[in-house]
file work.pdb (PDB, C-alpha atoms)
ATOM      1  CA  MET A   1      -0.508 -60.163-134.885
ATOM      2  CA  SER A   2      -2.668 -59.077-131.974
ATOM      3  CA  THR A   3      -4.032 -61.426-129.340
ATOM      4  CA  ILE A   4      -7.838 -61.660-129.281
ATOM      5  CA  LEU A   5      -8.469 -64.289-126.587
ATOM      6  CA  LYS A   6      -6.239 -65.169-123.670
ATOM      7  CA  CYS A   7      -7.088 -67.708-120.968
ATOM      8  CA  GLU A   8      -4.638 -67.769-118.072
ATOM      9  CA  ASN A   9      -4.566 -70.592-115.525
ATOM     10  CA  LEU A  10      -8.324 -71.127-115.555
ATOM     11  CA  CYS A  11      -9.594 -73.242-112.673
ATOM     12  CA  LYS A  12     -13.150 -74.331-112.031
ATOM     13  CA  LYS A  13     -14.555 -76.235-109.073
ATOM     14  CA  PHE A  14     -18.035 -77.561-108.456
ATOM     15  CA  GLY A  15     -18.046 -78.125-104.725
ATOM     16  CA  LYS A  16     -14.918 -80.131-103.991
ATOM     17  CA  LYS A  17     -14.633 -81.472-107.529
ATOM     18  CA  GLN A  18     -11.925 -79.864-109.677
ATOM     19  CA  ILE A  19     -13.232 -79.578-113.252
ATOM     20  CA  LEU A  20     -10.501 -77.376-114.743
ATOM     21  CA  ASN A  21      -6.930 -77.108-113.558
ATOM     22  CA  ASN A  22      -4.804 -74.176-114.802
ATOM     23  CA  VAL A  23      -6.124 -74.176-118.379
ATOM     24  CA  SER A  24      -4.299 -71.657-120.562
ATOM     25  CA  LEU A  25      -4.729 -70.960-124.269
ATOM     26  CA  GLU A  26      -4.388 -68.050-126.668
ATOM     27  CA  ILE A  27      -5.975 -67.063-129.988
ATOM     28  CA  ASN A  28      -4.604 -64.396-132.327
ATOM     29  CA  GLN A  29      -6.091 -62.761-135.422
ATOM     30  CA  GLY A  30      -6.506 -65.325-138.196
ATOM     31  CA  ASP A  31      -6.098 -68.339-135.905
ATOM     32  CA  ILE A  32      -8.466 -71.287-136.142
ATOM     33  CA  LEU A  33      -7.881 -73.218-132.938
ATOM     34  CA  GLY A  34      -9.253 -76.733-132.626
ATOM     35  CA  PHE A  35     -10.172 -77.452-129.009
ATOM     36  CA  ILE A  36     -10.203 -81.215-128.541
ATOM     37  CA  GLY A  37     -10.280 -83.738-125.717
ATOM     38  CA  PRO A  38     -11.945 -86.913-124.428
ATOM     39  CA  ASN A  39     -15.452 -86.953-122.980
ATOM     40  CA  GLY A  40     -15.606 -84.951-119.751
ATOM     41  CA  ALA A  41     -12.218 -83.317-120.362
ATOM     42  CA  GLY A  42     -13.553 -79.814-119.678
ATOM     43  CA  LYS A  43     -14.065 -78.370-123.169
ATOM     44  CA  THR A  44     -17.636 -77.126-122.687
ATOM     45  CA  THR A  45     -16.835 -75.792-119.205
ATOM     46  CA  THR A  46     -13.905 -73.814-120.629
ATOM     47  CA  ILE A  47     -16.128 -72.330-123.337
ATOM     48  CA  LYS A  48     -18.741 -71.339-120.740
ATOM     49  CA  LEU A  49     -16.086 -69.593-118.634
ATOM     50  CA  ILE A  50     -14.838 -67.711-121.709
ATOM     51  CA  LEU A  51     -18.381 -66.561-122.501
ATOM     52  CA  GLY A  52     -19.125 -65.604-118.892
ATOM     53  CA  LEU A  53     -21.859 -68.245-118.606
ATOM     54  CA  GLN A  54     -20.233 -69.703-115.473
ATOM     55  CA  GLY A  55     -18.150 -68.137-112.740
ATOM     56  CA  ILE A  56     -14.383 -68.629-112.717
ATOM     57  CA  THR A  57     -12.966 -70.200-109.541
ATOM     58  CA  SER A  58      -9.527 -68.760-110.272
ATOM     59  CA  GLY A  59      -7.574 -67.572-113.280
ATOM     60  CA  LYS A  60      -8.419 -64.986-115.910
ATOM     61  CA  VAL A  61     -10.045 -64.616-119.335
ATOM     62  CA  THR A  62      -9.349 -61.523-121.423
ATOM     63  CA  ILE A  63     -10.964 -60.801-124.802
ATOM     64  CA  ASN A  64      -9.506 -57.919-126.798
ATOM     65  CA  GLY A  65      -7.725 -56.856-123.609
ATOM     66  CA  PHE A  66     -10.886 -56.726-121.463
ATOM     67  CA  ASP A  67     -11.346 -58.943-118.406
ATOM     68  CA  VAL A  68     -14.475 -61.103-118.806
ATOM     69  CA  GLU A  69     -15.290 -60.930-115.091
ATOM     70  CA  LYS A  70     -14.507 -57.266-114.461
ATOM     71  CA  GLN A  71     -15.423 -55.745-117.844
ATOM     72  CA  PHE A  72     -17.962 -58.219-119.180
ATOM     73  CA  THR A  73     -19.875 -55.899-121.542
ATOM     74  CA  LYS A  74     -16.707 -54.620-123.207
ATOM     75  CA  ALA A  75     -15.137 -58.088-123.341
ATOM     76  CA  ILE A  76     -18.116 -59.791-124.919
ATOM     77  CA  GLU A  77     -19.215 -57.113-127.406
ATOM     78  CA  LYS A  78     -16.989 -58.431-130.238
ATOM     79  CA  VAL A  79     -17.689 -62.124-129.637
ATOM     80  CA  GLY A  80     -19.953 -64.354-131.705
ATOM     81  CA  ALA A  81     -20.799 -67.839-130.457
ATOM     82  CA  ILE A  82     -22.830 -70.944-131.170
ATOM     83  CA  VAL A  83     -22.975 -73.364-128.257
ATOM     84  CA  GLU A  84     -24.882 -76.518-129.166
ATOM     85  CA  ASN A  85     -27.698 -75.723-131.664
ATOM     86  CA  PRO A  86     -28.189 -72.141-132.890
ATOM     87  CA  ASP A  87     -31.435 -70.537-131.675
ATOM     88  CA  MET A  88     -33.859 -69.435-134.376
ATOM     89  CA  TYR A  89     -37.573 -69.142-135.082
ATOM     90  CA  MET A  90     -38.514 -71.959-137.443
ATOM     91  CA  TYR A  91     -41.770 -70.305-138.610
ATOM     92  CA  LEU A  92     -39.970 -67.130-139.744
ATOM     93  CA  THR A  93     -37.768 -66.637-142.767
ATOM     94  CA  GLY A  94     -33.996 -66.595-142.508
ATOM     95  CA  ARG A  95     -34.007 -62.857-143.162
ATOM     96  CA  ALA A  96     -36.591 -62.217-140.422
ATOM     97  CA  ASN A  97     -34.429 -64.178-137.975
ATOM     98  CA  LEU A  98     -31.422 -62.031-138.871
ATOM     99  CA  LYS A  99     -33.439 -58.828-138.423
ATOM    100  CA  LEU A 100     -34.451 -59.927-134.928
ATOM    101  CA  VAL A 101     -30.796 -60.509-134.025
ATOM    102  CA  ALA A 102     -29.849 -57.175-135.618
ATOM    103  CA  ASN A 103     -32.223 -55.408-133.211
ATOM    104  CA  LEU A 104     -30.003 -56.530-130.319
ATOM    105  CA  TYR A 105     -27.108 -54.431-131.615
ATOM    106  CA  LYS A 106     -26.604 -50.836-132.632
ATOM    107  CA  GLY A 107     -26.005 -49.790-136.216
ATOM    108  CA  ILE A 108     -26.575 -53.057-138.095
ATOM    109  CA  THR A 109     -27.815 -51.964-141.505
ATOM    110  CA  THR A 110     -29.774 -53.774-144.198
ATOM    111  CA  GLU A 111     -26.548 -53.740-146.216
ATOM    112  CA  ARG A 112     -24.743 -55.594-143.428
ATOM    113  CA  ILE A 113     -27.476 -58.246-143.353
ATOM    114  CA  ASP A 114     -27.152 -58.695-147.136
ATOM    115  CA  GLU A 115     -23.355 -58.879-146.793
ATOM    116  CA  VAL A 116     -23.555 -61.643-144.182
ATOM    117  CA  VAL A 117     -26.190 -63.565-146.179
ATOM    118  CA  LYS A 118     -23.836 -63.556-149.169
ATOM    119  CA  LEU A 119     -20.895 -64.577-147.013
ATOM    120  CA  VAL A 120     -22.708 -67.707-145.753
ATOM    121  CA  LYS A 121     -24.110 -68.422-149.251
ATOM    122  CA  LEU A 122     -27.804 -68.245-148.378
ATOM    123  CA  GLU A 123     -28.822 -65.625-150.969
ATOM    124  CA  ASN A 124     -31.202 -67.973-152.780
ATOM    125  CA  ARG A 125     -32.991 -69.217-149.675
ATOM    126  CA  ILE A 126     -32.837 -66.355-147.179
ATOM    127  CA  ASP A 127     -36.509 -65.464-147.712
ATOM    128  CA  ASP A 128     -37.726 -69.037-147.173
ATOM    129  CA  LYS A 129     -38.982 -70.158-143.795
ATOM    130  CA  VAL A 130     -36.306 -71.752-141.639
ATOM    131  CA  SER A 131     -38.538 -74.839-141.229
ATOM    132  CA  LYS A 132     -37.735 -75.608-144.878
ATOM    133  CA  TYR A 133     -33.970 -75.371-144.342
ATOM    134  CA  SER A 134     -31.683 -78.375-144.233
ATOM    135  CA  LEU A 135     -29.516 -78.818-141.128
ATOM    136  CA  GLY A 136     -26.530 -77.433-143.016
ATOM    137  CA  MET A 137     -28.479 -74.328-144.032
ATOM    138  CA  ARG A 138     -29.574 -73.794-140.435
ATOM    139  CA  GLN A 139     -25.952 -74.047-139.311
ATOM    140  CA  ARG A 140     -24.990 -71.415-141.887
ATOM    141  CA  LEU A 141     -27.821 -69.163-140.712
ATOM    142  CA  GLY A 142     -26.537 -69.667-137.163
ATOM    143  CA  ILE A 143     -23.079 -68.507-138.269
ATOM    144  CA  ALA A 144     -24.705 -65.512-139.967
ATOM    145  CA  GLN A 145     -26.432 -64.595-136.690
ATOM    146  CA  ALA A 146     -23.164 -64.959-134.787
ATOM    147  CA  ILE A 147     -21.131 -62.698-137.104
ATOM    148  CA  LEU A 148     -23.785 -60.075-137.846
ATOM    149  CA  HIS A 149     -22.244 -57.547-135.442
ATOM    150  CA  LYS A 150     -18.730 -58.002-136.912
ATOM    151  CA  PRO A 151     -17.089 -59.875-134.026
ATOM    152  CA  ASN A 152     -13.393 -60.641-134.148
ATOM    153  CA  LEU A 153     -13.764 -63.798-132.028
ATOM    154  CA  LEU A 154     -16.036 -66.663-133.063
ATOM    155  CA  ILE A 155     -16.635 -69.598-130.701
ATOM    156  CA  LEU A 156     -18.274 -72.732-132.084
ATOM    157  CA  ASP A 157     -19.216 -75.915-130.248
ATOM    158  CA  GLU A 158     -19.606 -78.896-132.631
ATOM    159  CA  PRO A 159     -20.595 -76.812-135.704
ATOM    160  CA  THR A 160     -20.431 -79.774-138.116
ATOM    161  CA  ASN A 161     -22.687 -82.093-136.081
ATOM    162  CA  GLY A 162     -25.215 -83.803-138.345
ATOM    163  CA  LEU A 163     -23.875 -82.205-141.531
ATOM    164  CA  ASP A 164     -23.409 -84.220-144.719
ATOM    165  CA  PRO A 165     -20.013 -84.089-146.508
ATOM    166  CA  GLU A 166     -21.118 -81.161-148.684
ATOM    167  CA  GLY A 167     -22.312 -79.232-145.626
ATOM    168  CA  ILE A 168     -19.035 -79.907-143.816
ATOM    169  CA  LYS A 169     -17.062 -78.704-146.850
ATOM    170  CA  GLU A 170     -19.094 -75.479-147.007
ATOM    171  CA  MET A 171     -18.611 -74.909-143.268
ATOM    172  CA  ARG A 172     -14.860 -75.445-143.623
ATOM    173  CA  GLU A 173     -14.596 -72.978-146.509
ATOM    174  CA  LEU A 174     -16.642 -70.395-144.607
ATOM    175  CA  LEU A 175     -14.497 -70.602-141.465
ATOM    176  CA  ILE A 176     -11.286 -70.322-143.479
ATOM    177  CA  GLU A 177     -12.687 -67.252-145.247
ATOM    178  CA  LEU A 178     -13.706 -65.632-141.947
ATOM    179  CA  ALA A 179     -10.252 -66.209-140.477
ATOM    180  CA  GLN A 180      -8.313 -65.053-143.522
ATOM    181  CA  LYS A 181     -10.467 -62.224-144.914
ATOM    182  CA  GLU A 182     -12.124 -60.926-141.755
ATOM    183  CA  ASN A 183      -9.024 -61.446-139.526
ATOM    184  CA  MET A 184     -11.254 -63.312-137.102
ATOM    185  CA  GLY A 185      -9.953 -65.609-134.402
ATOM    186  CA  ILE A 186     -11.960 -68.843-134.206
ATOM    187  CA  LEU A 187     -12.222 -71.363-131.366
ATOM    188  CA  ILE A 188     -13.879 -74.571-132.503
ATOM    189  CA  SER A 189     -14.646 -77.523-130.264
ATOM    190  CA  SER A 190     -15.343 -80.677-132.244
ATOM    191  CA  HIS A 191     -15.042 -84.462-132.166
ATOM    192  CA  ASN A 192     -14.518 -84.537-135.955
ATOM    193  CA  LEU A 193     -10.720 -84.678-135.879
ATOM    194  CA  ALA A 194     -10.346 -85.582-139.553
ATOM    195  CA  GLU A 195     -12.201 -82.398-140.452
ATOM    196  CA  LEU A 196     -10.281 -80.188-138.000
ATOM    197  CA  ASP A 197      -7.099 -81.568-139.544
ATOM    198  CA  ASN A 198      -8.127 -79.932-142.823
ATOM    199  CA  PHE A 199      -8.379 -76.331-141.704
ATOM    200  CA  CYS A 200      -7.231 -75.624-138.131
ATOM    201  CA  THR A 201      -4.011 -73.673-137.734
ATOM    202  CA  LYS A 202      -3.570 -74.494-134.032
ATOM    203  CA  VAL A 203      -4.732 -77.235-131.681
ATOM    204  CA  CYS A 204      -5.287 -77.333-127.925
ATOM    205  CA  ILE A 205      -5.616 -80.809-126.398
ATOM    206  CA  ILE A 206      -7.271 -81.043-122.993
ATOM    207  CA  LYS A 207      -7.627 -84.110-120.763
ATOM    208  CA  ASN A 208      -8.997 -84.437-117.217
ATOM    209  CA  GLY A 209      -9.331 -80.656-116.963
ATOM    210  CA  SER A 210      -5.709 -79.917-117.860
ATOM    211  CA  VAL A 211      -4.131 -78.838-121.143
ATOM    212  CA  ILE A 212      -1.761 -81.502-122.470
ATOM    213  CA  GLU A 213      -0.442 -79.471-125.372
ATOM    214  CA  THR A 214      -1.174 -76.315-127.344
ATOM    215  CA  SER A 215       0.710 -75.700-130.555
ATOM    216  CA  ASP A 216       0.565 -75.243-134.320
ATOM    217  CA  ILE A 217      -1.190 -78.215-135.863
ATOM    218  CA  GLN A 218       1.894 -79.434-137.727
ATOM    219  CA  LYS A 219       3.976 -79.395-134.549
ATOM    220  CA  ILE A 220       1.276 -81.350-132.674
ATOM    221  CA  LYS A 221       1.498 -84.061-135.316
ATOM    222  CA  GLN A 222       5.297 -84.210-135.139
ATOM    223  CA  SER A 223       5.550 -85.990-131.813
ATOM    224  CA  ASP A 224       9.014 -87.377-132.427
ATOM    225  CA  ASP A 225      11.973 -86.925-134.748
ATOM    226  CA  LEU A 226      11.156 -90.036-136.776
ATOM    227  CA  ASP A 227       9.904 -90.053-140.360
ATOM    228  CA  THR A 228       7.429 -92.556-141.746
ATOM    229  CA  LYS A 229       7.980 -93.445-145.408
ATOM    230  CA  VAL A 230       5.984 -95.791-147.619
ATOM    231  CA  PHE A 231       8.132 -97.593-150.216
ATOM    232  CA  GLU A 232       6.859 -99.247-153.374
ATOM    233  CA  VAL A 233       9.345-101.882-154.539
ATOM    234  CA  ASP A 234       9.469-104.950-156.789
ATOM    235  CA  ASN A 235       9.169-107.292-153.787
ATOM    236  CA  THR A 236       9.204-107.059-149.998
ATOM    237  CA  LYS A 237      10.374-110.599-149.132
ATOM    238  CA  GLU A 238      13.810-109.645-147.795
ATOM    239  CA  VAL A 239      13.119-106.027-146.811
ATOM    240  CA  GLU A 240      12.728-106.613-143.078
ATOM    241  CA  LYS A 241      15.907-108.628-142.858
ATOM    242  CA  ILE A 242      17.853-106.083-144.928
ATOM    243  CA  LEU A 243      16.778-102.994-143.003
ATOM    244  CA  LEU A 244      16.798-104.335-139.473
ATOM    245  CA  GLU A 245      20.352-105.624-139.665
ATOM    246  CA  ASN A 246      23.430-103.735-138.511
ATOM    247  CA  SER A 247      24.256-101.001-141.035
ATOM    248  CA  ASP A 248      27.970-100.864-140.165
ATOM    249  CA  ASN A 249      28.541-104.605-140.250
ATOM    250  CA  ARG A 250      26.208-105.932-142.895
ATOM    251  CA  ASP A 251      26.948-109.545-142.094
ATOM    252  CA  THR A 252      25.867-109.212-138.465
ATOM    253  CA  PRO A 253      22.147-108.874-137.707
ATOM    254  CA  PHE A 254      21.207-106.222-135.191
ATOM    255  CA  HIS A 255      20.335-107.553-131.750
ATOM    256  CA  PRO A 256      18.848-105.298-129.035
ATOM    257  CA  ASP A 257      21.055-106.934-126.371
ATOM    258  CA  ASN A 258      24.198-105.963-128.207
ATOM    259  CA  ASN A 259      25.233-102.554-126.848
ATOM    260  CA  SER A 260      28.225-101.980-129.066
ATOM    261  CA  THR A 261      28.396 -98.286-130.031
ATOM    262  CA  ASP A 262      29.589 -99.014-133.578
ATOM    263  CA  LYS A 263      26.233-100.555-134.492
ATOM    264  CA  LYS A 264      23.307 -98.548-135.741
ATOM    265  CA  LEU A 265      19.720 -99.575-136.284
ATOM    266  CA  LEU A 266      18.653 -98.123-139.631
ATOM    267  CA  ALA A 267      14.920 -98.420-139.044
ATOM    268  CA  GLN A 268      12.921 -98.223-135.846
ATOM    269  CA  ASN A 269      10.225-100.351-137.388
ATOM    270  CA  VAL A 270       9.417-101.991-140.727
ATOM    271  CA  GLU A 271       5.815-102.851-141.556
ATOM    272  CA  ILE A 272       5.098-104.987-144.614
ATOM    273  CA  ILE A 273       1.900-103.739-146.267
ATOM    274  CA  SER A 274       1.821-106.008-149.314
ATOM    275  CA  SER A 275       4.102-107.945-151.640
ATOM    276  CA  THR A 276       5.252-104.657-153.181
ATOM    277  CA  LYS A 277       4.771-102.084-150.404
ATOM    278  CA  PHE A 278       6.239-101.543-146.955
ATOM    279  CA  LYS A 279       6.316 -98.804-144.366
ATOM    280  CA  VAL A 280       9.458 -97.745-142.511
ATOM    281  CA  HIS A 281       9.704 -95.644-139.361
ATOM    282  CA  ALA A 282      13.195 -94.185-139.142
ATOM    283  CA  GLN A 283      15.369 -91.173-138.385
ATOM    284  CA  LYS A 284      15.271 -88.727-141.290
ATOM    285  CA  GLU A 285      19.035 -88.861-141.733
ATOM    286  CA  ASN A 286      18.854 -92.647-142.149
ATOM    287  CA  ILE A 287      16.565 -92.545-145.204
ATOM    288  CA  PRO A 288      19.409 -92.170-147.778
ATOM    289  CA  GLU A 289      21.204 -95.135-146.179
ATOM    290  CA  ILE A 290      17.987 -97.188-146.308
ATOM    291  CA  VAL A 291      17.640 -96.447-150.019
ATOM    292  CA  LYS A 292      21.286 -97.353-150.559
ATOM    293  CA  LYS A 293      20.938-100.696-148.753
ATOM    294  CA  LEU A 294      17.857-101.638-150.726
ATOM    295  CA  VAL A 295      19.627-100.901-154.021
ATOM    296  CA  GLU A 296      22.727-102.824-152.902
ATOM    297  CA  ASN A 297      20.490-105.812-152.223
ATOM    298  CA  ASP A 298      18.909-105.632-155.698
ATOM    299  CA  ILE A 299      15.575-104.293-154.470
ATOM    300  CA  LYS A 300      14.050-102.074-157.159
ATOM    301  CA  ILE A 301      12.478 -98.894-155.758
ATOM    302  CA  TYR A 302       9.578 -97.431-157.739
ATOM    303  CA  GLU A 303       8.221 -94.840-155.345
ATOM    304  CA  ILE A 304       8.803 -93.328-151.893
ATOM    305  CA  GLU A 305       6.026 -91.424-150.125
ATOM    306  CA  LYS A 306       6.084 -89.563-146.836
ATOM    307  CA  GLU A 307       3.213 -90.626-144.582
ATOM    308  CA  GLU A 308       1.875 -87.721-142.567
ATOM    309  CA  LYS A 309       0.601 -88.423-139.089
ATOM    310  CA  SER A 310      -3.037 -87.382-138.784
ATOM    311  CA  LEU A 311      -4.441 -85.206-136.013
ATOM    312  CA  GLU A 312      -6.438 -88.237-134.906
ATOM    313  CA  ASP A 313      -3.231 -90.314-134.596
ATOM    314  CA  ALA A 314      -1.580 -87.553-132.572
ATOM    315  CA  PHE A 315      -4.655 -87.180-130.369
ATOM    316  CA  PHE A 316      -4.850 -90.862-129.461
ATOM    317  CA  GLU A 317      -1.105 -90.966-128.886
ATOM    318  CA  LYS A 318      -1.234 -88.040-126.456
ATOM    319  CA  THR A 319      -4.430 -88.953-124.624
ATOM    320  CA  GLY A 320      -4.008 -92.716-124.453
ATOM    321  CA  GLY A 321      -6.765 -93.577-126.918
ATOM    322  CA  ASN A 322      -9.761 -92.218-125.039
ATOM    323  CA  VAL A 323     -13.085 -91.714-126.749
ATOM    324  CA  ILE A 324     -13.543 -88.141-127.925
ATOM    325  CA  GLY A 325     -16.473 -85.982-126.973
TER     326      GLY A 325
END
call {"tool": "encode", "arguments": {"input": "work.pdb", "output": "structure tokens"}}
result
Amino acid sequence: MSTILKCENLCKKFGKKQILNNVSLEINQGDILGFIGPNGAGKTTTIKLILGLQGITSGKVTINGFDVEKQFTKAIEKVGAIVENPDMYMYLTGRANLKLVANLYKGITTERIDEVVKLVKLENRIDDKVSKYSLGMRQRLGIAQAILHKPNLLILDEPTNGLDPEGIKEMRELLIELAQKENMGILISSHNLAELDNFCTKVCIIKNGSVIETSDIQKIKQSDDLDTKVFEVDNTKEVEKILLENSDNRDTPFHPDNNSTDKKLLAQNVEIISSTKFKVHAQKENIPEIVKKLVENDIKIYEIEKEEKSLEDAFFEKTGGNVIG
């Protein structure tokens, strides 16, 4: 799978202030990369450097193999972007807005405009004035403008801002379709982590101008080798005592000051949720032993569920709980 966007050791200074420090990230065909970080982390600055809207202090951005600084026209010709709110003429129809954008490029046919309109699901309203559009419809028209010239890289800054749940769902489905069917690489900066969790394939976390981690979304959420399981049982009264005692010597409770190597803590943590539910954080290989101990102690098990860590949980864990921007 070919690389579309590559940022290598990007640095940006304003005067003596270091805004970005060796930021590196990569997007391949079909990737949807969520670019997330606290307020002032450097997300918008990074996007502006990628798009050539600000000068790079040091480092390199290549798009489709072309250097943004040295070969700007070639690098940017297959890029579509929406930074902040998409620009459009409110007193014109959606179709008229698309025709104006089409005039900026060579060879965009009426058929291509119709194709894009269908792709963003605006067929029934494309000939209405934009002033009559909802915010979600305007966002979809903005996407249509950005992909009219068939880019293979789409860069979006907060595309779901102000959208209702239905609008967010439609945006999600559209971006997935663009990535999968058009082989587009998508960089999306957003504070809506719950939504990014639903469709991003990769995540890049940035803090204080430096990248903390870039990886597949599932790997980002697997920060340790512990599993979290939610158990439904007949009662949870004795669960904590049962699971936090020594598994090799069942009559001797586990004590953290006891360093004997023949003792093993079955669970890292047990959280009682209700009279019939509890959560256990433990090594995966210890789960069968946990089940065995519960059964041996006459605890009836009705259900065991794996609790997945959310992107939001992983984000706060890695950034120290800062407010997202």
call {"tool": "axis_aligned_box", "arguments": {"input": "work.pdb", "around": "range 266-275 of chain A", "padding_each_side": "8 Å", "output": "JSON"}}
result
{"center_x": 10.2, "center_y": -103.0, "center_z": -143.7, "size_x": 32.8, "size_y": 25.8, "size_z": 31.8}
call {"tool": "atom_distance", "arguments": {"input": "work.pdb", "atom1": "CA of Leu135 in chain A", "atom2": "CA of Asp31 in chain A"}}
result
26.2 Å
call {"tool": "resolve_selection", "arguments": {"input": "work.pdb", "expression": "the PyMOL selection byres ((chain A and resi 154) around 9)", "output": "PyMOL selection string"}}
result
chain A and resi 78-82+143+146-147+151-153+155-156+184-188
call {"tool": "closest_residue", "arguments": {"input": "work.pdb", "among": "A:Lys17, A:Ala314, A:Lys279, A:Ile287", "to": "Lys219 in chain A", "atoms": "only C-alpha atoms"}}
result
A:Ala314
call {"tool": "resolve_selection", "arguments": {"input": "work.pdb", "expression": "the PyMOL selection byres ((chain A and resi 139) around 10)", "output": "PyMOL selection string"}}
result
chain A and resi 82+85-86+120+133-138+140-145+159-163+167+171
call {"tool": "atom_distance", "arguments": {"input": "work.pdb", "atom1": "CA of Thr93 in chain A", "atom2": "CA of Tyr105 in chain A"}}
result
19.7 Å
call {"tool": "closest_residue", "arguments": {"input": "work.pdb", "among": "A:Glu69, A:Asp164, A:Glu182, A:Asp216", "to": "Leu33 in chain A", "atoms": "all atoms listed in the file"}}
result
A:Asp216
call {"tool": "atom_distance", "arguments": {"input": "work.pdb", "atom1": "CA of Thr45 in chain A", "atom2": "CA of Met88 in chain A"}}
result
23.7 Å
call {"tool": "resolve_selection", "arguments": {"input": "work.pdb", "expression": "the PyMOL selection byres ((chain A and resi 40) around 10)", "output": "count of residues only"}}
result
15
call {"tool": "closest_residue", "arguments": {"input": "work.pdb", "among": "A:Leu51, A:Leu20, A:Val291, A:Val116", "to": "Glu232 in chain A", "atoms": "only C-alpha atoms"}}
result
A:Val291
call {"tool": "residues_around", "arguments": {"input": "work.pdb", "residues": "Asp298 in chain A", "least_positions_apart": "4", "cutoff": "12 Å", "atoms": "all atoms listed in the file", "output": "list in words"}}
result
Val233, Asp234, Asn235, Thr236, Lys237, Glu238, Val239, Ile242, Val291, Lys292, Lys293 and Leu294 of chain A
call {"tool": "closest_residue", "arguments": {"input": "work.pdb", "among": "A:Asp127, A:Asp227, A:Glu8, A:Glu173", "to": "Cys200 in chain A", "atoms": "all atoms listed in the file"}}
result
A:Glu173
call {"tool": "residues_around", "arguments": {"input": "work.pdb", "residues": "Asn28 in chain A", "least_positions_apart": "6", "cutoff": "6 Å", "atoms": "only C-alpha atoms", "output": "list in words"}}
result
Ser2, Thr3, Ile4 and Gly185 of chain A
call {"tool": "residues_around", "arguments": {"input": "work.pdb", "residues": "Arg172 in chain A", "least_positions_apart": "4", "cutoff": "7 Å", "atoms": "all atoms listed in the file", "output": "ChimeraX atom specification"}}
result
/A:168,176,199
call {"tool": "closest_residue", "arguments": {"input": "work.pdb", "among": "A:Ile36, A:Leu104, A:Ile76, A:Ile126", "to": "Leu92 in chain A", "atoms": "only C-alpha atoms"}}
result
A:Ile126
call {"tool": "closest_residue", "arguments": {"input": "work.pdb", "among": "A:Thr57, A:Glu123, A:Thr46, A:Gln218", "to": "Phe14 in chain A", "atoms": "only C-alpha atoms"}}
result
A:Thr57
call {"tool": "residues_around", "arguments": {"input": "work.pdb", "residues": "Asp114 in chain A", "least_positions_apart": "5", "cutoff": "9 Å", "atoms": "all atoms listed in the file", "output": "VMD selection string"}}
result
chain A and resid 95 109 119 123
call {"tool": "write_last_selection", "arguments": {"input": "work.pdb", "atoms": "C-alpha atoms", "output": "tab-separated table (two decimals), in the frame of the given file"}}
result
chain	number	residue	atom	x	y	z
A	95	ARG	CA	-34.01	-62.86	-143.16
A	109	THR	CA	-27.82	-51.96	-141.50
A	119	LEU	CA	-20.90	-64.58	-147.01
A	123	GLU	CA	-28.82	-65.62	-150.97
call {"tool": "residues_around", "arguments": {"input": "work.pdb", "residues": "Lys6 in chain A", "least_positions_apart": "3", "cutoff": "9 Å", "atoms": "only C-alpha atoms", "output": "list of chain:residue names"}}
result
A:Thr3, A:Ser24, A:Leu25, A:Glu26, A:Ile27, A:Asn28, A:Lys60, A:Val61, A:Thr62, A:Ile63, A:Asn64, A:Gly65
